[in-house]
Amino acid sequence: MPKTRVVVVDDSALVRSILTEIINKQTDMECVGAAADPLIAREMIRNLNPDVITLDVEMPRMDGLDFLSRLMRLRPMPVVMVSTLTERGAEVTLKALELGAIDFVAKPKIGVADGMRQLAQDITDKIRIAAKAQIRRAHAAPAPAPGAPAAPAPAPVSIASLGRMSTEKIIFIGASTGGTEATKDVLVNLPADCPAVVITQHMPPGFTRSYAARLDGLCKIRVKEAEDGERILPGHGYIAPGGFHLSVERSGANYVARVQDGDPINRHKPSVEALFLSAAKIVGPNAIGIMLTGMGADGAKAMKVMKDAGAYNYVQDEASCVVFGMPREAINAGAADEVLPLSQIAGRVLDRLRATSGISLNRV
């Protein structure tokens, strides 16, 4: 079987050396080139035709985002970003995922050499996933000609209010690779008065707060990083903090968020399984489950437990997934009520909510 060919793009000679060493130790991949800046990388990509590139966020001569944007327009290919664990690093990484990068690795701010080697498994796993992922071509509008007026911003999409909803209902979303954009595509199509949305997206510490803030600026619902013990309210979205499991509990008549440390589940923290099992136990038939793109099987069995408890579940179809791992496993587990393209999920959820408006399906 041919090896996955990787080009490393990073302005740090140390990081280039370590990434090359990590990649070449794998039996199924090889580093075919290492570039110190995007202009050198452009020639390497043209000449070496790699399967995957790793790309530093902050680069000399051409910003990493500018390079990624051009690459995804002109020669779409799998990209794994190498980000710094800073607030700016998080914001730039989220923009890179929006532009079409498959995933990212967060390199430590200090102890880079040892830290990168400790991340070897994570790095190589993400390269393997990227090599098999479906690539989204960036649809950026061309720049206006000099002196020409800028194109008007697109008109906001009108999203009809749901009206009076049962506050018992909660929407639960699980996602991994490709999920930051998939989750955004669902949330931006929900009205301000929709039921609460609770989300576990596989993401390391330091990135979920920026992710929640970005979604909050785009969505009609309010979106935030979940805090332990807070009430879960309609019209709000709650993101599992990186490095912690998120679940829901009852406190009298209210739902509350439970944010807890603990061992990884299915190698993940936060884990979709932890969230979905709590949905089955606490919310039961008032839960709506959504499984989006992602590698592996995290949450698939728990989603079947949700369905057995009376929840109604939507699963993203293969054609619209970046990686059809978690959705496939959910379907194979018998957890799906409907399998839909990403573009249809929010609309179908809203149709179901309108059809059951005011109905609280409490179990006796």
# chains A, B, ... in the order shown; residues from 1 in each chain; ligands from 1
call {"tool": "residues_around", "arguments": {"residues": "Gly33 of chain A", "least_positions_apart": "3", "cutoff": "12 Å", "atoms": "only C-alpha atoms", "output": "CSV table (one decimal) with all heavy atoms, in the first residue's frame"}}
result
chain,number,residue,atom,x,y,z
A,5,ARG,N,1.9,10.8,1.5
A,5,ARG,CA,3.0,11.7,1.3
A,5,ARG,C,2.6,13.1,1.9
A,5,ARG,O,1.6,13.6,1.6
A,5,ARG,CB,3.3,11.9,-0.2
A,5,ARG,CG,3.8,10.6,-0.9
A,5,ARG,CD,3.6,10.6,-2.4
A,5,ARG,NE,4.1,11.8,-3.0
A,5,ARG,CZ,5.4,12.0,-3.3
A,5,ARG,NH1,6.2,11.0,-3.1
A,5,ARG,NH2,5.7,13.1,-3.9
A,6,VAL,N,3.5,13.6,2.8
A,6,VAL,CA,3.2,14.8,3.6
A,6,VAL,C,4.3,15.8,3.3
A,6,VAL,O,5.5,15.5,3.3
A,6,VAL,CB,3.2,14.4,5.1
A,6,VAL,CG1,2.8,15.7,5.9
A,6,VAL,CG2,2.3,13.3,5.4
A,7,VAL,N,3.8,17.1,3.2
A,7,VAL,CA,4.7,18.2,3.2
A,7,VAL,C,4.5,19.0,4.4
A,7,VAL,O,3.3,19.4,4.7
A,7,VAL,CB,4.5,19.1,1.9
A,7,VAL,CG1,5.1,20.5,2.1
A,7,VAL,CG2,5.1,18.4,0.7
A,8,VAL,N,5.5,19.3,5.2
A,8,VAL,CA,5.5,20.1,6.4
A,8,VAL,C,5.8,21.6,6.1
A,8,VAL,O,6.8,21.9,5.4
A,8,VAL,CB,6.4,19.6,7.4
A,8,VAL,CG1,6.6,20.5,8.6
A,8,VAL,CG2,6.0,18.2,7.9
A,9,VAL,N,4.9,22.5,6.5
A,9,VAL,CA,5.2,23.9,6.3
A,9,VAL,C,5.2,24.6,7.6
A,9,VAL,O,4.2,24.7,8.3
A,9,VAL,CB,4.1,24.5,5.4
A,9,VAL,CG1,4.4,26.0,5.0
A,9,VAL,CG2,3.8,23.7,4.2
A,10,ASP,N,6.4,25.1,8.1
A,10,ASP,CA,6.5,25.7,9.4
A,10,ASP,C,7.8,26.6,9.3
A,10,ASP,O,8.8,26.2,8.8
A,10,ASP,CB,6.6,24.7,10.5
A,10,ASP,CG,6.3,25.3,11.8
A,10,ASP,OD1,7.0,26.1,12.3
A,10,ASP,OD2,5.3,24.8,12.4
A,16,ARG,N,9.9,21.9,12.1
A,16,ARG,CA,10.0,21.1,10.8
A,16,ARG,C,10.8,19.8,11.1
A,16,ARG,O,10.4,18.8,10.6
A,16,ARG,CB,10.7,22.0,9.8
A,16,ARG,CG,10.0,23.1,9.3
A,16,ARG,CD,10.5,23.6,7.9
A,16,ARG,NE,11.9,24.0,7.9
A,16,ARG,CZ,12.4,25.2,8.3
A,16,ARG,NH1,11.5,26.1,8.8
A,16,ARG,NH2,13.7,25.4,8.3
A,17,SER,N,11.9,19.9,11.8
A,17,SER,CA,12.7,18.7,12.1
A,17,SER,C,11.9,17.6,12.9
A,17,SER,O,11.9,16.4,12.5
A,17,SER,CB,13.9,19.1,12.8
A,17,SER,OG,14.7,18.0,13.2
A,19,LEU,N,8.5,17.4,13.3
A,19,LEU,CA,7.4,16.8,12.5
A,19,LEU,C,7.9,15.8,11.4
A,19,LEU,O,7.3,14.8,11.2
A,19,LEU,CB,6.6,17.9,11.8
A,19,LEU,CG,5.7,18.7,12.7
A,19,LEU,CD1,5.1,19.9,12.0
A,19,LEU,CD2,4.6,17.9,13.3
A,20,THR,N,9.0,16.1,10.8
A,20,THR,CA,9.6,15.2,9.8
A,20,THR,C,10.0,13.9,10.5
A,20,THR,O,9.7,12.8,9.9
A,20,THR,CB,10.8,15.8,9.1
A,20,THR,OG1,10.5,17.0,8.5
A,20,THR,CG2,11.5,14.9,8.1
A,21,GLU,N,10.6,14.0,11.6
A,21,GLU,CA,11.0,12.8,12.4
A,21,GLU,C,9.8,11.9,12.8
A,21,GLU,O,9.7,10.7,12.6
A,21,GLU,CB,11.7,13.2,13.6
A,21,GLU,CG,12.0,12.1,14.7
A,21,GLU,CD,12.5,12.8,16.0
A,21,GLU,OE1,13.3,13.7,16.0
A,21,GLU,OE2,11.9,12.4,17.0
A,23,ILE,N,6.7,11.9,11.4
A,23,ILE,CA,6.1,11.3,10.2
A,23,ILE,C,6.9,10.2,9.7
A,23,ILE,O,6.3,9.1,9.3
A,23,ILE,CB,5.9,12.5,9.2
A,23,ILE,CG1,4.8,13.5,9.7
A,23,ILE,CG2,5.5,11.9,7.8
A,23,ILE,CD1,4.8,14.8,8.9
A,24,ASN,N,8.2,10.3,9.6
A,24,ASN,CA,9.0,9.3,9.0
A,24,ASN,C,9.1,8.0,9.8
A,24,ASN,O,9.6,7.0,9.3
A,24,ASN,CB,10.4,9.8,8.6
A,24,ASN,CG,10.3,10.7,7.4
A,24,ASN,OD1,9.4,10.6,6.6
A,24,ASN,ND2,11.3,11.6,7.2
A,30,GLU,N,5.2,9.3,4.9
A,30,GLU,CA,6.6,9.8,4.7
A,30,GLU,C,6.5,11.3,4.5
A,30,GLU,O,5.6,11.8,3.8
A,30,GLU,CB,7.3,9.2,3.6
A,30,GLU,CG,6.7,9.3,2.2
A,30,GLU,CD,7.6,8.7,1.1
A,30,GLU,OE1,8.8,8.6,1.3
A,30,GLU,OE2,7.0,8.3,0.1
A,36,ALA,N,9.9,26.4,4.8
A,36,ALA,CA,10.0,27.4,5.8
A,36,ALA,C,9.0,28.5,5.7
A,36,ALA,O,8.7,29.2,6.6
A,36,ALA,CB,11.4,28.0,5.9
A,40,ILE,N,7.8,28.9,-0.6
A,40,ILE,CA,8.6,27.6,-0.9
A,40,ILE,C,7.6,26.5,-0.9
A,40,ILE,O,7.7,25.6,-1.8
A,40,ILE,CB,9.6,27.4,0.2
A,40,ILE,CG1,10.6,28.6,0.3
A,40,ILE,CG2,10.3,26.1,0.1
A,40,ILE,CD1,11.6,28.5,1.5
A,41,ALA,N,6.6,26.5,0.0
A,41,ALA,CA,5.6,25.4,0.0
A,41,ALA,C,4.9,25.3,-1.3
A,41,ALA,O,4.6,24.2,-1.7
A,41,ALA,CB,4.7,25.6,1.2
A,42,ARG,N,4.5,26.4,-1.9
A,42,ARG,CA,3.8,26.4,-3.1
A,42,ARG,C,4.5,25.6,-4.2
A,42,ARG,O,3.9,24.8,-4.9
A,42,ARG,CB,3.5,27.8,-3.5
A,42,ARG,CG,2.6,28.0,-4.7
A,42,ARG,CD,2.3,29.5,-4.9
A,42,ARG,NE,3.5,30.3,-5.2
A,42,ARG,CZ,3.5,31.6,-5.2
A,42,ARG,NH1,2.4,32.3,-4.9
A,42,ARG,NH2,4.6,32.3,-5.4
A,43,GLU,N,5.8,25.8,-4.3
A,43,GLU,CA,6.6,25.1,-5.3
A,43,GLU,C,6.7,23.6,-4.9
A,43,GLU,O,6.7,22.8,-5.8
A,43,GLU,CB,8.0,25.7,-5.4
A,43,GLU,CG,8.1,27.1,-5.9
A,43,GLU,CD,7.4,27.2,-7.3
A,43,GLU,OE1,7.7,26.4,-8.2
A,43,GLU,OE2,6.5,28.1,-7.5
A,44,MET,N,6.9,23.3,-3.6
A,44,MET,CA,6.9,21.9,-3.2
A,44,MET,C,5.6,21.2,-3.5
A,44,MET,O,5.7,20.0,-4.0
A,44,MET,CB,7.2,21.8,-1.7
A,44,MET,CG,8.6,22.0,-1.3
A,44,MET,SD,8.9,21.6,0.4
A,44,MET,CE,10.7,21.9,0.5
A,45,ILE,N,4.5,21.8,-3.3
A,45,ILE,CA,3.2,21.2,-3.6
A,45,ILE,C,3.1,20.9,-5.1
A,45,ILE,O,2.7,19.9,-5.5
A,45,ILE,CB,2.1,22.1,-3.0
A,45,ILE,CG1,2.1,22.1,-1.5
A,45,ILE,CG2,0.7,21.6,-3.5
A,45,ILE,CD1,1.2,23.1,-0.9
A,46,ARG,N,3.5,21.9,-5.8
A,46,ARG,CA,3.4,21.8,-7.3
A,46,ARG,C,4.3,20.6,-7.8
A,46,ARG,O,3.9,19.8,-8.6
A,46,ARG,CB,3.9,23.1,-8.0
A,46,ARG,CG,3.7,23.1,-9.5
A,46,ARG,CD,4.1,24.5,-10.0
A,46,ARG,NE,3.1,25.5,-9.5
A,46,ARG,CZ,3.5,26.8,-9.2
A,46,ARG,NH1,4.7,27.1,-9.2
A,46,ARG,NH2,2.6,27.6,-8.8
A,47,ASN,N,5.5,20.5,-7.2
A,47,ASN,CA,6.5,19.5,-7.7
A,47,ASN,C,6.4,18.1,-7.1
A,47,ASN,O,6.6,17.1,-7.7
A,47,ASN,CB,7.9,20.0,-7.5
A,47,ASN,CG,8.2,21.3,-8.2
A,47,ASN,OD1,7.7,21.5,-9.3
A,47,ASN,ND2,9.1,22.2,-7.7
A,48,LEU,N,5.9,18.1,-5.8
A,48,LEU,CA,5.9,16.8,-5.1
A,48,LEU,C,4.5,16.2,-5.0
A,48,LEU,O,4.4,15.0,-4.6
A,48,LEU,CB,6.5,17.0,-3.7
A,48,LEU,CG,7.9,17.5,-3.6
A,48,LEU,CD1,8.3,17.9,-2.2
A,48,LEU,CD2,8.9,16.5,-4.2
A,49,ASN,N,3.5,17.0,-5.2
A,49,ASN,CA,2.1,16.5,-5.2
A,49,ASN,C,1.8,15.6,-4.0
A,49,ASN,O,1.5,14.5,-4.0
A,49,ASN,CB,1.9,15.6,-6.5
A,49,ASN,CG,0.4,15.3,-6.7
A,49,ASN,OD1,-0.4,16.2,-6.4
A,49,ASN,ND2,0.1,14.2,-7.3
A,50,PRO,N,1.9,16.3,-2.8
A,50,PRO,CA,1.7,15.5,-1.5
A,50,PRO,C,0.2,15.2,-1.4
A,50,PRO,O,-0.7,15.7,-2.0
A,50,PRO,CB,2.1,16.5,-0.5
A,50,PRO,CG,1.9,17.8,-1.1
A,50,PRO,CD,2.2,17.7,-2.5
A,51,ASP,N,-0.1,14.2,-0.5
A,51,ASP,CA,-1.4,13.8,-0.1
A,51,ASP,C,-2.0,14.7,1.0
A,51,ASP,O,-3.2,15.0,1.0
A,51,ASP,CB,-1.5,12.4,0.4
A,51,ASP,CG,-1.0,11.4,-0.7
A,51,ASP,OD1,-1.5,11.4,-1.8
A,51,ASP,OD2,0.0,10.7,-0.3
A,52,VAL,N,-1.1,15.2,1.9
A,52,VAL,CA,-1.5,16.0,3.0
A,52,VAL,C,-0.4,17.1,3.3
A,52,VAL,O,0.7,16.8,3.0
A,52,VAL,CB,-1.7,15.2,4.3
A,52,VAL,CG1,-2.1,16.1,5.5
A,52,VAL,CG2,-2.8,14.1,4.1
A,53,ILE,N,-0.8,18.3,3.7
A,53,ILE,CA,0.2,19.2,4.2
A,53,ILE,C,-0.1,19.6,5.7
A,53,ILE,O,-1.3,19.6,6.1
A,53,ILE,CB,0.4,20.5,3.4
A,53,ILE,CG1,-0.8,21.4,3.5
A,53,ILE,CG2,0.6,20.1,1.9
A,53,ILE,CD1,-0.5,22.8,2.9
A,54,THR,N,0.9,19.8,6.5
A,54,THR,CA,0.7,20.4,7.8
A,54,THR,C,1.2,21.8,7.6
A,54,THR,O,2.2,22.1,7.0
A,54,THR,CB,1.5,19.7,8.9
A,54,THR,OG1,2.9,20.0,8.7
A,54,THR,CG2,1.3,18.2,8.9
call {"tool": "residues_around", "arguments": {"residues": "segment 173-187 of chain A", "least_positions_apart": "2", "cutoff": "6 Å", "atoms": "only C-alpha atoms", "output": "list in words"}}
result
Asn189, Leu190, Ile199, Thr200, Gln201, His202, Val272, Ile290, Met291, Leu292, Thr293, Gly294, Val322 and Ala346 of chain A
call {"tool": "residues_around", "arguments": {"residues": "Val198 of chain A", "least_positions_apart": "5", "cutoff": "8 Å", "atoms": "only C-alpha atoms", "output": "number ranges by chain"}}
result
A: 170-173, 237-240
call {"tool": "write_last_selection", "arguments": {"atoms": "C-alpha atoms", "output": "CSV table (one decimal), in the first residue's frame"}}
result
chain,number,residue,atom,x,y,z
A,170,ILE,CA,-33.3,19.9,24.5
A,171,ILE,CA,-31.3,19.4,21.3
A,172,PHE,CA,-28.1,17.4,21.7
A,173,ILE,CA,-25.3,17.6,19.2
A,237,GLY,CA,-26.4,26.8,23.1
A,238,TYR,CA,-23.8,25.3,25.5
A,239,ILE,CA,-20.4,24.0,24.3
A,240,ALA,CA,-18.5,21.4,26.3
call {"tool": "select_by_dssp", "arguments": {"residues": "segment 156-246 of chain A", "states": "alpha helix (DSSP H)", "output": "list in words"}}
result
Gly179, Thr180, Glu181, Ala182, Thr183, Lys184, Asp185, Val186, Leu187, Thr208, Arg209, Ser210, Tyr211, Ala212, Ala213, Arg214, Leu215, Asp216, Gly217 and Leu218 of chain A
call {"tool": "write_last_selection", "arguments": {"atoms": "N, CA, C and O atoms", "output": "tab-separated table (two decimals), in the first residue's frame"}}
result
chain	number	residue	atom	x	y	z
A	179	GLY	N	-16.49	18.99	12.43
A	179	GLY	CA	-17.70	19.35	13.16
A	179	GLY	C	-17.83	20.81	13.53
A	179	GLY	O	-18.94	21.28	13.78
A	180	THR	N	-16.71	21.54	13.59
A	180	THR	CA	-16.84	22.95	13.97
A	180	THR	C	-17.70	23.70	12.94
A	180	THR	O	-18.56	24.49	13.31
A	181	GLU	N	-17.50	23.42	11.67
A	181	GLU	CA	-18.28	24.06	10.63
A	181	GLU	C	-19.67	23.42	10.49
A	181	GLU	O	-20.65	24.11	10.25
A	182	ALA	N	-19.75	22.10	10.65
A	182	ALA	CA	-21.05	21.43	10.55
A	182	ALA	C	-21.99	21.90	11.65
A	182	ALA	O	-23.17	22.17	11.41
A	183	THR	N	-21.47	21.99	12.88
A	183	THR	CA	-22.30	22.47	13.99
A	183	THR	C	-22.74	23.90	13.73
A	183	THR	O	-23.91	24.26	13.97
A	184	LYS	N	-21.83	24.74	13.23
A	184	LYS	CA	-22.19	26.12	12.89
A	184	LYS	C	-23.34	26.14	11.88
A	184	LYS	O	-24.30	26.91	12.03
A	185	ASP	N	-23.27	25.27	10.87
A	185	ASP	CA	-24.30	25.25	9.83
A	185	ASP	C	-25.66	24.88	10.39
A	185	ASP	O	-26.69	25.32	9.88
A	186	VAL	N	-25.70	24.07	11.43
A	186	VAL	CA	-26.97	23.75	12.09
A	186	VAL	C	-27.43	24.94	12.94
A	186	VAL	O	-28.57	25.39	12.83
A	187	LEU	N	-26.54	25.46	13.77
A	187	LEU	CA	-26.95	26.47	14.75
A	187	LEU	C	-27.39	27.78	14.10
A	187	LEU	O	-28.30	28.44	14.60
A	208	THR	N	-12.28	26.04	22.97
A	208	THR	CA	-13.74	26.03	23.00
A	208	THR	C	-14.33	27.39	23.36
A	208	THR	O	-15.41	27.74	22.89
A	209	ARG	N	-13.64	28.17	24.18
A	209	ARG	CA	-14.18	29.50	24.53
A	209	ARG	C	-14.24	30.38	23.28
A	209	ARG	O	-15.23	31.07	23.03
A	210	SER	N	-13.16	30.37	22.48
A	210	SER	CA	-13.15	31.16	21.24
A	210	SER	C	-14.19	30.62	20.26
A	210	SER	O	-14.85	31.40	19.55
A	211	TYR	N	-14.35	29.31	20.21
A	211	TYR	CA	-15.34	28.70	19.32
A	211	TYR	C	-16.75	29.15	19.71
A	211	TYR	O	-17.56	29.54	18.85
A	212	ALA	N	-17.06	29.10	21.00
A	212	ALA	CA	-18.38	29.52	21.47
A	212	ALA	C	-18.62	30.99	21.15
A	212	ALA	O	-19.71	31.38	20.72
A	213	ALA	N	-17.60	31.82	21.37
A	213	ALA	CA	-17.75	33.25	21.09
A	213	ALA	C	-17.99	33.50	19.61
A	213	ALA	O	-18.80	34.37	19.23
A	214	ARG	N	-17.30	32.74	18.76
A	214	ARG	CA	-17.50	32.89	17.31
A	214	ARG	C	-18.92	32.52	16.93
A	214	ARG	O	-19.59	33.23	16.17
A	215	LEU	N	-19.43	31.40	17.47
A	215	LEU	CA	-20.80	30.99	17.17
A	215	LEU	C	-21.81	32.01	17.70
A	215	LEU	O	-22.82	32.29	17.04
A	216	ASP	N	-21.53	32.55	18.87
A	216	ASP	CA	-22.45	33.53	19.46
A	216	ASP	C	-22.61	34.75	18.56
A	216	ASP	O	-23.70	35.33	18.49
A	217	GLY	N	-21.54	35.11	17.87
A	217	GLY	CA	-21.61	36.25	16.96
A	217	GLY	C	-22.33	35.96	15.66
A	217	GLY	O	-22.71	36.88	14.94
A	218	LEU	N	-22.51	34.68	15.35
A	218	LEU	CA	-23.12	34.28	14.07
A	218	LEU	C	-24.58	33.85	14.20
A	218	LEU	O	-25.33	33.89	13.23
call {"tool": "select_by_dssp", "arguments": {"residues": "segment 35-75 of chain A", "states": "strand (DSSP E or B)", "output": "PyMOL selection string"}}
result
chain A and resi 35+52-56
call {"tool": "write_last_selection", "arguments": {"atoms": "N, CA and C atoms", "output": "PDB file, in the first residue's frame"}}
result
ATOM      1  N   ALA A  35       8.984  22.956   4.229  1.00  0.00           N
ATOM      2  CA  ALA A  35       9.143  24.316   3.733  1.00  0.00           C
ATOM      3  C   ALA A  35       9.097  25.310   4.878  1.00  0.00           C
ATOM      4  N   VAL A  52      -1.133  15.215   1.877  1.00  0.00           N
ATOM      5  CA  VAL A  52      -1.532  16.045   3.031  1.00  0.00           C
ATOM      6  C   VAL A  52      -0.433  17.068   3.266  1.00  0.00           C
ATOM      7  N   ILE A  53      -0.809  18.271   3.732  1.00  0.00           N
ATOM      8  CA  ILE A  53       0.206  19.192   4.235  1.00  0.00           C
ATOM      9  C   ILE A  53      -0.140  19.571   5.679  1.00  0.00           C
ATOM     10  N   THR A  54       0.911  19.778   6.482  1.00  0.00           N
ATOM     11  CA  THR A  54       0.725  20.402   7.796  1.00  0.00           C
ATOM     12  C   THR A  54       1.154  21.848   7.643  1.00  0.00           C
ATOM     13  N   LEU A  55       0.378  22.760   8.210  1.00  0.00           N
ATOM     14  CA  LEU A  55       0.594  24.178   7.951  1.00  0.00           C
ATOM     15  C   LEU A  55       0.577  24.965   9.257  1.00  0.00           C
ATOM     16  N   ASP A  56       1.654  25.694   9.492  1.00  0.00           N
ATOM     17  CA  ASP A  56       1.722  26.586  10.647  1.00  0.00           C
ATOM     18  C   ASP A  56       0.756  27.750  10.427  1.00  0.00           C
TER      19      ASP A  56
END
call {"tool": "atom_distance", "arguments": {"atom1": "atom CA of Pro241 of chain A", "atom2": "atom CA of Val223 of chain A"}}
result
12.5 Å
call {"tool": "closest_residue", "arguments": {"among": "A:Val305, A:Met59, A:Met116, A:Ala226", "to": "Leu14 of chain A", "atoms": "only C-alpha atoms"}}
result
A:Met116
call {"tool": "residues_around", "arguments": {"residues": "segment 125-128 of chain A", "least_positions_apart": "6", "cutoff": "8 Å", "atoms": "only C-alpha atoms", "output": "count of residues only"}}
result
5
call {"tool": "atom_distance", "arguments": {"atom1": "atom CA of Arg117 of chain A", "atom2": "atom CA of Ile18 of chain A"}}
result
7.3 Å
call {"tool": "closest_residue", "arguments": {"among": "A:Gln316, A:Ser357, A:Asn286, A:Thr86", "to": "Asp337 of chain A", "atoms": "only C-alpha atoms"}}
result
A:Gln316
call {"tool": "atom_distance", "arguments": {"atom1": "atom CA of Tyr312 of chain A", "atom2": "atom CA of Pro285 of chain A"}}
result
7.4 Å
